[in-house]
Every structure is written in C-alpha cells, then in structure tokens.
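Q: I'd like to ask you about the structure that follows.
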Amino acid sequence: MTNHCTPRFFKALSNLEHNYPEVFAAYSKLQLDDVASPLDPDFRIVKDFRDTIRESDWSKYHSDHGLQAEIASCLHRYMGVREIAEYLGMDAKMIGNVIRDTPELKKIIDKSRRDFSQIIVYDRNNGDYTLVRTMYSAARKVGLNTASIKFYVNDRHCKYWIHNRYKIKRKVWFDEDNGM
C-alpha cells in the first residue's frame with residue numbers, strides 16, 4: 001500500500017477535500033463517488049488508487065497458501081474470526097473474506113459450527129449416548145431450562161451429574177476427548 005501513496009495521490013486527496021468539504025465532514029453520510037464528477041482528474045487518481053489496492057490485496061491474500069494454512073490451523077483450534085485476526089495481526093474483515101472465498105476454509109468453519117451446536121447426552125440409567133441437535137433439545141431431554149443447561153454444556157470435562165443421572169458434552173469435545 002505504501003508504494004502507491006505518492007505525493008500526487010496526497011495532492012489529489014487534498015484537492016478533493018477542498019472541493020467537496022461536505023463529503024469529508026465527520027458527520028457526513030455522503031460518499032465521494034456520489035458528489036465528485038467521474039471526469040475530475042483528482043477523483044480519477046483516487047479511483048485508480050482504490051483499484052490498485054483492491055487488486056493487490058486480493059492477489060496477496062488469495063494466492064498466499066501459507067495464510068490459508070495458518071487460518072485453517074486456527075480454525076481447527078476453534079478460534080473465532082476476531083481471535084484469528086488478533087493472532088495474525090490482520091483485519092478481521094480480511095480474514096472473513098479469505099474464509100468466505102476459500103472453499104476448504106468454509107467447510108472447516110461450517111463443520112465446527114455444526115459440531116459445536118450438537119450435544120451428546122449420556123444417560124447413566126440406560127447406559128446410552130444420545131445426540132441432540134440443539135441446546136433446547138438437550139434441556140428438554142435432561143429436564144432443565146435452557147439457561148441452566150448452558151452451565152453444564154460449557155464445562156468441557158463434564159464433572160457434574162444432572163439429576164444424578166445425566167452427563168452432557170458438546171459433540172466436538174466428545175469426539176476430541178474420545179468420550180465423556
């Protein structure tokens with residue numbers, strides 16, 4: 001980006017700010033594209049700058065397989081987009097765009113969302129495991145309200161028995177820990 005920030009660009013930006021002060025006001029909802037003439041040479045310089053940045057960002061982040069592998073590693077550790085962005089020192093919006101535009105990363109995030117919402121319920125009396133799709137279903141099966149079930153679901157190591165009969169665990173943790 002710094003390669004494209006030339007004195008000519010800053011001069012054009014200054015001229016546009018002088019010619020269209022209503023766009024650059026802090027409270028303004030106007031966009032430069034709405035008020036500036038497409039033939040204005042200063043506006044053309046700014047548009048060229050935007051296009052160059054957009055193209056170089058796109059190619060930089062979509063051809064960087066190392067970045068995609070790093071994001072995949074973070075997703076496998078169940079980090080969110082903001083946590084990944086903080087970890088990699090990047091913008092969360094850019095991380096989201098890379099995930100959305102990369103089919104492999106999209107599959108990983110869809111699977112983790114699906115697995116993280118599913119819950120395994122163990123019934124000690126029957127000795128069976130039941131997979132339920134939502135927290136509401138788990139609460140009904142166990143006999144608690146949804147707000148109370150969250151305490152048990154968020155405990156990964158499942159120390160407590162519910163009604164001295166049930167134990168519950170998220171499916172993703174059940175699979176990782178090889179059981180309760």
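Identifiers in this document derive from the order of the structure tokens: chains are assigned A, B, ..., residues are numbered from 1 separately in each chain, and ligands are numbered from 1 in order of occurrence.
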Name the residues of stretch 57-160 of chain A that come out as strand (DSSP E) in a backbone DSSP run; write them as a list of chain:residue names.
A: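 Across stretch 57-160 of chain A, those assigned strand (DSSP E) are A:Ile119, A:Ile120, A:Val121, A:Tyr122, A:Asp123, A:Asp128, A:Tyr129, A:Thr130, A:Leu131, A:Val132.
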Q: Only N, CA and C atoms, please: the residues just picked out, written as a CSV table (one decimal), in the first residue's frame.
A:
chain,number,residue,atom,x,y,z
A,119,ILE,N,-25.0,-31.7,20.8
A,119,ILE,CA,-24.7,-32.1,22.2
A,119,ILE,C,-24.9,-33.6,22.4
A,120,ILE,N,-24.0,-34.3,23.1
A,120,ILE,CA,-24.1,-35.7,23.4
A,120,ILE,C,-24.7,-35.7,24.9
A,121,VAL,N,-25.7,-36.5,25.1
A,121,VAL,CA,-26.3,-36.7,26.4
A,121,VAL,C,-26.1,-38.1,26.8
A,122,TYR,N,-25.5,-38.4,27.9
A,122,TYR,CA,-25.2,-39.7,28.5
A,122,TYR,C,-26.2,-40.0,29.6
A,123,ASP,N,-27.0,-41.1,29.4
A,123,ASP,CA,-28.0,-41.5,30.5
A,123,ASP,C,-27.4,-42.6,31.2
A,128,ASP,N,-26.8,-45.3,27.7
A,128,ASP,CA,-26.7,-45.0,26.2
A,128,ASP,C,-26.4,-43.5,26.0
A,129,TYR,N,-25.8,-43.2,24.9
A,129,TYR,CA,-25.5,-41.9,24.4
A,129,TYR,C,-26.5,-41.5,23.4
A,130,THR,N,-27.0,-40.2,23.5
A,130,THR,CA,-27.9,-39.7,22.5
A,130,THR,C,-27.4,-38.4,22.0
A,131,LEU,N,-27.4,-38.2,20.7
A,131,LEU,CA,-27.0,-37.0,20.0
A,131,LEU,C,-28.2,-36.1,19.9
A,132,VAL,N,-28.2,-34.9,20.4
A,132,VAL,CA,-29.3,-33.9,20.2
A,132,VAL,C,-28.7,-32.7,19.4
Q: Skip A:Tyr166 itself and residues of its chain fewer than 2 positions away, then list as number ranges by chain all residues within 9 Å of it, counting only C-alpha atoms.
A: A: 121-125, 142, 160-164, 168
Q: Give me the residues within 12 Å of A:Leu13 as a ChimeraX atom specification, counting only C-alpha atoms and dropping any in the same chain fewer than 2 places off.
A: /A:5-11,15-21,23-24,32,36,40-47,49
Q: Name all residues at most 7 Å from A:Lys171 (count only C-alpha atoms; drop same-chain ones fewer than 2 positions away) and give them as a PyMOL selection string.
A: chain A and resi 115-116+118-120+169+173-175
Q: Excluding same-chain residues fewer than 6 positions from A:Gly96, what lies within 10 Å of it counting only C-alpha atoms, as a list in words?
A: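 Skipping anything fewer than 6 positions along the chain leaves Gly80, Val81, Arg82, Ile84, Ala85 and Lys106 of chain A.
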Q: Those residues with C-alpha atoms, as a compact mmCIF listing (two decimals), in the first residue's frame please?
A:
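Final output, again-v5.txt:
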# COMPACT_ATOMS: atom_id res chain seq x y z
CA GLY A 80 -13.16 -17.15 16.06
CA VAL A 81 -12.51 -14.72 13.21
CA ARG A 82 -11.64 -11.87 15.57
CA ILE A 84 -7.59 -15.20 14.36
CA ALA A 85 -7.24 -11.59 13.20
CA LYS A 106 -15.54 -22.53 4.55
Q: With only C-alpha atoms as the basis for distance, which of A:Ser112, A:Gln68, A:Ser117, A:Ser137 is at the shortest distance from A:Arg170?
A: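 The closest residue to A:Arg170 is A:Ser117.
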Q: Which residue, A:Asn126, A:Arg140, A:Cys74, A:Lys167, has the smallest gap to A:Ile108 when you use only C-alpha atoms?
A: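 The shortest atom-to-atom distance to A:Ile108 comes from A:Cys74.
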Q: Could you work out how far atom CA of A:Ile95 lies from atom CA of A:His65, giving the answer in Å with one decimal?
A: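 One can read the atom CA of A:His65 to atom CA of A:Ile95 distance as 13.2 Å.
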Q: State, in Å with one decimal place, the distance from atom CA of A:Glu22 to atom CA of A:Asp34.
A: 11.4 Å
Q: Check the DSSP output for the backbone and give back, as a PyMOL selection string, the residues of stretch 94-123 of chain A in alpha helix (DSSP H).
A: chain A and resi 94-101+103-117
Q: Kindly export the residues of the current selection with C-alpha atoms, as a PDB file, in the first residue's frame.
A:
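Now in again11.pdb:
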ATOM      1  CA  MET A  94      -9.938  -9.516   5.558  1.00  0.00           C
ATOM      2  CA  ILE A  95      -9.811 -12.821   7.468  1.00  0.00           C
ATOM      3  CA  GLY A  96     -13.574 -13.209   6.976  1.00  0.00           C
ATOM      4  CA  ASN A  97     -13.215 -12.549   3.241  1.00  0.00           C
ATOM      5  CA  VAL A  98     -10.424 -15.123   2.898  1.00  0.00           C
ATOM      6  CA  ILE A  99     -12.538 -17.703   4.755  1.00  0.00           C
ATOM      7  CA  ARG A 100     -15.611 -16.925   2.653  1.00  0.00           C
ATOM      8  CA  ASP A 101     -13.680 -17.114  -0.632  1.00  0.00           C
ATOM      9  CA  PRO A 103     -13.913 -23.449  -0.090  1.00  0.00           C
ATOM     10  CA  GLU A 104     -11.688 -25.537   2.209  1.00  0.00           C
ATOM     11  CA  LEU A 105     -11.802 -22.933   4.982  1.00  0.00           C
ATOM     12  CA  LYS A 106     -15.545 -22.530   4.547  1.00  0.00           C
ATOM     13  CA  LYS A 107     -16.006 -26.298   5.010  1.00  0.00           C
ATOM     14  CA  ILE A 108     -13.939 -26.210   8.210  1.00  0.00           C
ATOM     15  CA  ILE A 109     -15.941 -23.360   9.710  1.00  0.00           C
ATOM     16  CA  ASP A 110     -19.284 -24.894   8.710  1.00  0.00           C
ATOM     17  CA  LYS A 111     -18.304 -28.216  10.296  1.00  0.00           C
ATOM     18  CA  SER A 112     -17.173 -26.582  13.524  1.00  0.00           C
ATOM     19  CA  ARG A 113     -20.414 -24.595  13.757  1.00  0.00           C
ATOM     20  CA  ARG A 114     -22.471 -27.719  13.222  1.00  0.00           C
ATOM     21  CA  ASP A 115     -20.440 -29.875  15.625  1.00  0.00           C
ATOM     22  CA  PHE A 116     -20.226 -27.189  18.298  1.00  0.00           C
ATOM     23  CA  SER A 117     -24.012 -26.802  18.423  1.00  0.00           C
TER      24      SER A 117
END
Q: Separation of atom CA of A:Glu176 and atom CA of A:Arg133, in Å?
A: 17.9 Å
